[in-house]
Amino acid sequence: MEDTIVIHSRKLAIYLQLKGFVLLGVQPDKKSKRKIFIFKDSKELKKHMLKYKHDKEFHAFLQQQEGR
């Protein structure tokens, strides 16, 4: 797929969707039993991918959800 980016992290894929990016597809990873998440590649998407690691509010929310 041209002009797409593959994400291997489910949590990052959720984060990007919450930021308004459209998930184009989900497929099994040919190298493992995990899934890959496909998004349209853009500078804005890459900018948010870098912000993901430092978004304490999002990670606190995830931790709260996993503790349920």
# chains A, B, ... in the order shown; residues from 1 in each chain; ligands from 1
call {"tool": "residues_around", "arguments": {"residues": "stretch 53-66 of chain A", "least_positions_apart": "3", "cutoff": "10 Å", "atoms": "only C-alpha atoms", "output": "JSON, numbers by chain"}}
result
{"A": [11, 12, 15, 18, 48, 49, 50]}
call {"tool": "write_last_selection", "arguments": {"atoms": "N, CA, C and O atoms", "output": "PDB file, in the first residue's frame"}}
result
ATOM      1  N   LYS A  11      -2.048   0.139  21.207  1.00  0.00           N
ATOM      2  CA  LYS A  11      -2.255   1.361  21.988  1.00  0.00           C
ATOM      3  C   LYS A  11      -1.948   2.613  21.166  1.00  0.00           C
ATOM      4  O   LYS A  11      -2.675   3.598  21.237  1.00  0.00           O
ATOM      5  N   LEU A  12      -0.908   2.563  20.374  1.00  0.00           N
ATOM      6  CA  LEU A  12      -0.597   3.696  19.501  1.00  0.00           C
ATOM      7  C   LEU A  12      -1.693   3.875  18.456  1.00  0.00           C
ATOM      8  O   LEU A  12      -2.092   5.006  18.160  1.00  0.00           O
ATOM      9  N   TYR A  15      -4.542   5.613  20.125  1.00  0.00           N
ATOM     10  CA  TYR A  15      -4.169   7.013  20.338  1.00  0.00           C
ATOM     11  C   TYR A  15      -4.354   7.820  19.056  1.00  0.00           C
ATOM     12  O   TYR A  15      -4.944   8.905  19.065  1.00  0.00           O
ATOM     13  N   LEU A  18      -7.974   8.415  18.313  1.00  0.00           N
ATOM     14  CA  LEU A  18      -8.534   9.440  19.189  1.00  0.00           C
ATOM     15  C   LEU A  18      -8.115  10.842  18.764  1.00  0.00           C
ATOM     16  O   LEU A  18      -8.820  11.809  19.033  1.00  0.00           O
ATOM     17  N   HIS A  48       2.210  13.202  15.725  1.00  0.00           N
ATOM     18  CA  HIS A  48       1.447  12.641  16.838  1.00  0.00           C
ATOM     19  C   HIS A  48       2.054  11.322  17.337  1.00  0.00           C
ATOM     20  O   HIS A  48       1.935  11.004  18.521  1.00  0.00           O
ATOM     21  N   MET A  49       2.686  10.587  16.462  1.00  0.00           N
ATOM     22  CA  MET A  49       3.371   9.371  16.896  1.00  0.00           C
ATOM     23  C   MET A  49       4.483   9.722  17.884  1.00  0.00           C
ATOM     24  O   MET A  49       4.696   9.003  18.864  1.00  0.00           O
ATOM     25  N   LEU A  50       5.177  10.822  17.652  1.00  0.00           N
ATOM     26  CA  LEU A  50       6.234  11.261  18.565  1.00  0.00           C
ATOM     27  C   LEU A  50       5.653  11.767  19.887  1.00  0.00           C
ATOM     28  O   LEU A  50       6.243  11.560  20.949  1.00  0.00           O
TER      29      LEU A  50
END
call {"tool": "select_by_dssp", "arguments": {"residues": "chain A", "states": "alpha helix (DSSP H)", "output": "JSON, numbers by chain"}}
result
{"A": [10, 11, 12, 13, 14, 15, 16, 17, 18, 43, 44, 45, 46, 47, 48, 49, 50, 51, 52, 56, 57, 58, 59, 60, 61, 62, 63, 64, 65, 66]}
call {"tool": "atom_distance", "arguments": {"atom1": "atom CA of A:Lys47", "atom2": "atom CA of A:Leu23"}}
result
16.5 Å
call {"tool": "residues_around", "arguments": {"residues": "stretch 2-7 of chain A", "least_positions_apart": "5", "cutoff": "12 Å", "atoms": "only C-alpha atoms", "output": "number ranges by chain"}}
result
A: 12-17, 21-29, 34-43, 45-46, 49
call {"tool": "select_by_dssp", "arguments": {"residues": "chain A", "states": "strand (DSSP E or B)", "output": "JSON, numbers by chain"}}
result
{"A": [4, 5, 6, 7, 23, 24, 25, 26, 27, 28, 35, 36, 37, 38, 39, 40]}
call {"tool": "decode", "arguments": {"residues": "stretch 5-33 of chain A", "atoms": "N, CA, C and O atoms", "output": "short mmCIF file (atom, residue, chain, number, x, y, z; two decimals), in the first residue's frame"}}
result
data_model
loop_
_atom_site.label_atom_id
_atom_site.label_comp_id
_atom_site.auth_asym_id
_atom_site.auth_seq_id
_atom_site.Cartn_x
_atom_site.Cartn_y
_atom_site.Cartn_z
N ILE A 5 1.33 3.86 6.45
CA ILE A 5 2.29 3.51 7.48
C ILE A 5 1.70 2.39 8.32
O ILE A 5 0.50 2.38 8.58
N VAL A 6 2.53 1.44 8.68
CA VAL A 6 2.09 0.28 9.46
C VAL A 6 2.47 0.51 10.92
O VAL A 6 3.61 0.81 11.24
N ILE A 7 1.49 0.35 11.79
CA ILE A 7 1.68 0.49 13.23
C ILE A 7 1.54 -0.90 13.85
O ILE A 7 0.58 -1.62 13.55
N HIS A 8 2.46 -1.25 14.70
CA HIS A 8 2.43 -2.56 15.34
C HIS A 8 1.83 -2.51 16.75
O HIS A 8 1.50 -3.54 17.31
N SER A 9 1.67 -1.33 17.30
CA SER A 9 1.18 -1.16 18.66
C SER A 9 -0.33 -0.85 18.64
O SER A 9 -0.75 0.15 18.06
N ARG A 10 -1.09 -1.68 19.33
CA ARG A 10 -2.54 -1.45 19.44
C ARG A 10 -2.81 -0.14 20.16
O ARG A 10 -3.69 0.65 19.78
N LYS A 11 -2.05 0.14 21.21
CA LYS A 11 -2.25 1.36 21.99
C LYS A 11 -1.95 2.61 21.17
O LYS A 11 -2.68 3.60 21.24
N LEU A 12 -0.91 2.56 20.37
CA LEU A 12 -0.60 3.70 19.50
C LEU A 12 -1.69 3.87 18.46
O LEU A 12 -2.09 5.01 18.16
N ALA A 13 -2.21 2.78 17.94
CA ALA A 13 -3.30 2.86 16.96
C ALA A 13 -4.54 3.51 17.57
O ALA A 13 -5.19 4.36 16.94
N ILE A 14 -4.85 3.16 18.81
CA ILE A 14 -5.99 3.77 19.51
C ILE A 14 -5.74 5.27 19.69
O ILE A 14 -6.62 6.10 19.45
N TYR A 15 -4.54 5.61 20.13
CA TYR A 15 -4.17 7.01 20.34
C TYR A 15 -4.35 7.82 19.06
O TYR A 15 -4.94 8.90 19.07
N LEU A 16 -3.87 7.29 17.95
CA LEU A 16 -3.97 8.01 16.69
C LEU A 16 -5.43 8.19 16.26
O LEU A 16 -5.81 9.25 15.75
N GLN A 17 -6.24 7.18 16.51
CA GLN A 17 -7.66 7.30 16.18
C GLN A 17 -8.34 8.36 17.04
O GLN A 17 -9.19 9.13 16.55
N LEU A 18 -7.97 8.41 18.31
CA LEU A 18 -8.53 9.44 19.19
C LEU A 18 -8.12 10.84 18.76
O LEU A 18 -8.82 11.81 19.03
N LYS A 19 -6.99 10.94 18.10
CA LYS A 19 -6.52 12.23 17.58
C LYS A 19 -7.12 12.56 16.22
O LYS A 19 -6.79 13.58 15.61
N GLY A 20 -7.98 11.68 15.71
CA GLY A 20 -8.70 11.98 14.48
C GLY A 20 -8.18 11.31 13.22
O GLY A 20 -8.71 11.55 12.13
N PHE A 21 -7.18 10.47 13.34
CA PHE A 21 -6.65 9.78 12.16
C PHE A 21 -7.49 8.53 11.88
O PHE A 21 -7.92 7.83 12.80
N VAL A 22 -7.73 8.29 10.60
CA VAL A 22 -8.60 7.19 10.19
C VAL A 22 -7.79 5.91 10.01
O VAL A 22 -6.78 5.89 9.30
N LEU A 23 -8.25 4.87 10.67
CA LEU A 23 -7.65 3.55 10.52
C LEU A 23 -8.10 2.97 9.19
O LEU A 23 -9.29 2.80 8.95
N LEU A 24 -7.15 2.70 8.31
CA LEU A 24 -7.49 2.20 6.97
C LEU A 24 -7.72 0.69 6.97
O LEU A 24 -8.46 0.17 6.13
N GLY A 25 -7.06 -0.01 7.88
CA GLY A 25 -7.23 -1.46 7.91
C GLY A 25 -6.45 -2.11 9.03
O GLY A 25 -5.55 -1.53 9.61
N VAL A 26 -6.85 -3.34 9.32
CA VAL A 26 -6.17 -4.18 10.30
C VAL A 26 -5.91 -5.51 9.61
O VAL A 26 -6.81 -6.07 8.98
N GLN A 27 -4.68 -5.99 9.73
CA GLN A 27 -4.32 -7.26 9.08
C GLN A 27 -3.44 -8.06 10.02
O GLN A 27 -2.76 -7.49 10.88
N PRO A 28 -3.41 -9.37 9.84
CA PRO A 28 -2.47 -10.16 10.63
C PRO A 28 -1.05 -9.88 10.18
O PRO A 28 -0.80 -9.67 8.99
N ASP A 29 -0.14 -9.83 11.13
CA ASP A 29 1.27 -9.65 10.82
C ASP A 29 1.82 -10.98 10.32
O ASP A 29 1.66 -12.00 10.97
N LYS A 30 2.47 -10.98 9.20
CA LYS A 30 2.99 -12.22 8.60
C LYS A 30 4.15 -12.80 9.41
O LYS A 30 4.44 -13.98 9.30
N LYS A 31 4.79 -11.96 10.23
CA LYS A 31 5.96 -12.42 10.99
C LYS A 31 5.62 -12.88 12.41
O LYS A 31 6.43 -13.49 13.07
N SER A 32 4.43 -12.55 12.88
CA SER A 32 4.05 -12.93 14.24
C SER A 32 2.54 -13.18 14.29
O SER A 32 1.86 -13.06 13.29
N LYS A 33 2.04 -13.48 15.46
CA LYS A 33 0.61 -13.72 15.62
C LYS A 33 -0.15 -12.44 15.96
O LYS A 33 -1.33 -12.48 16.22
#
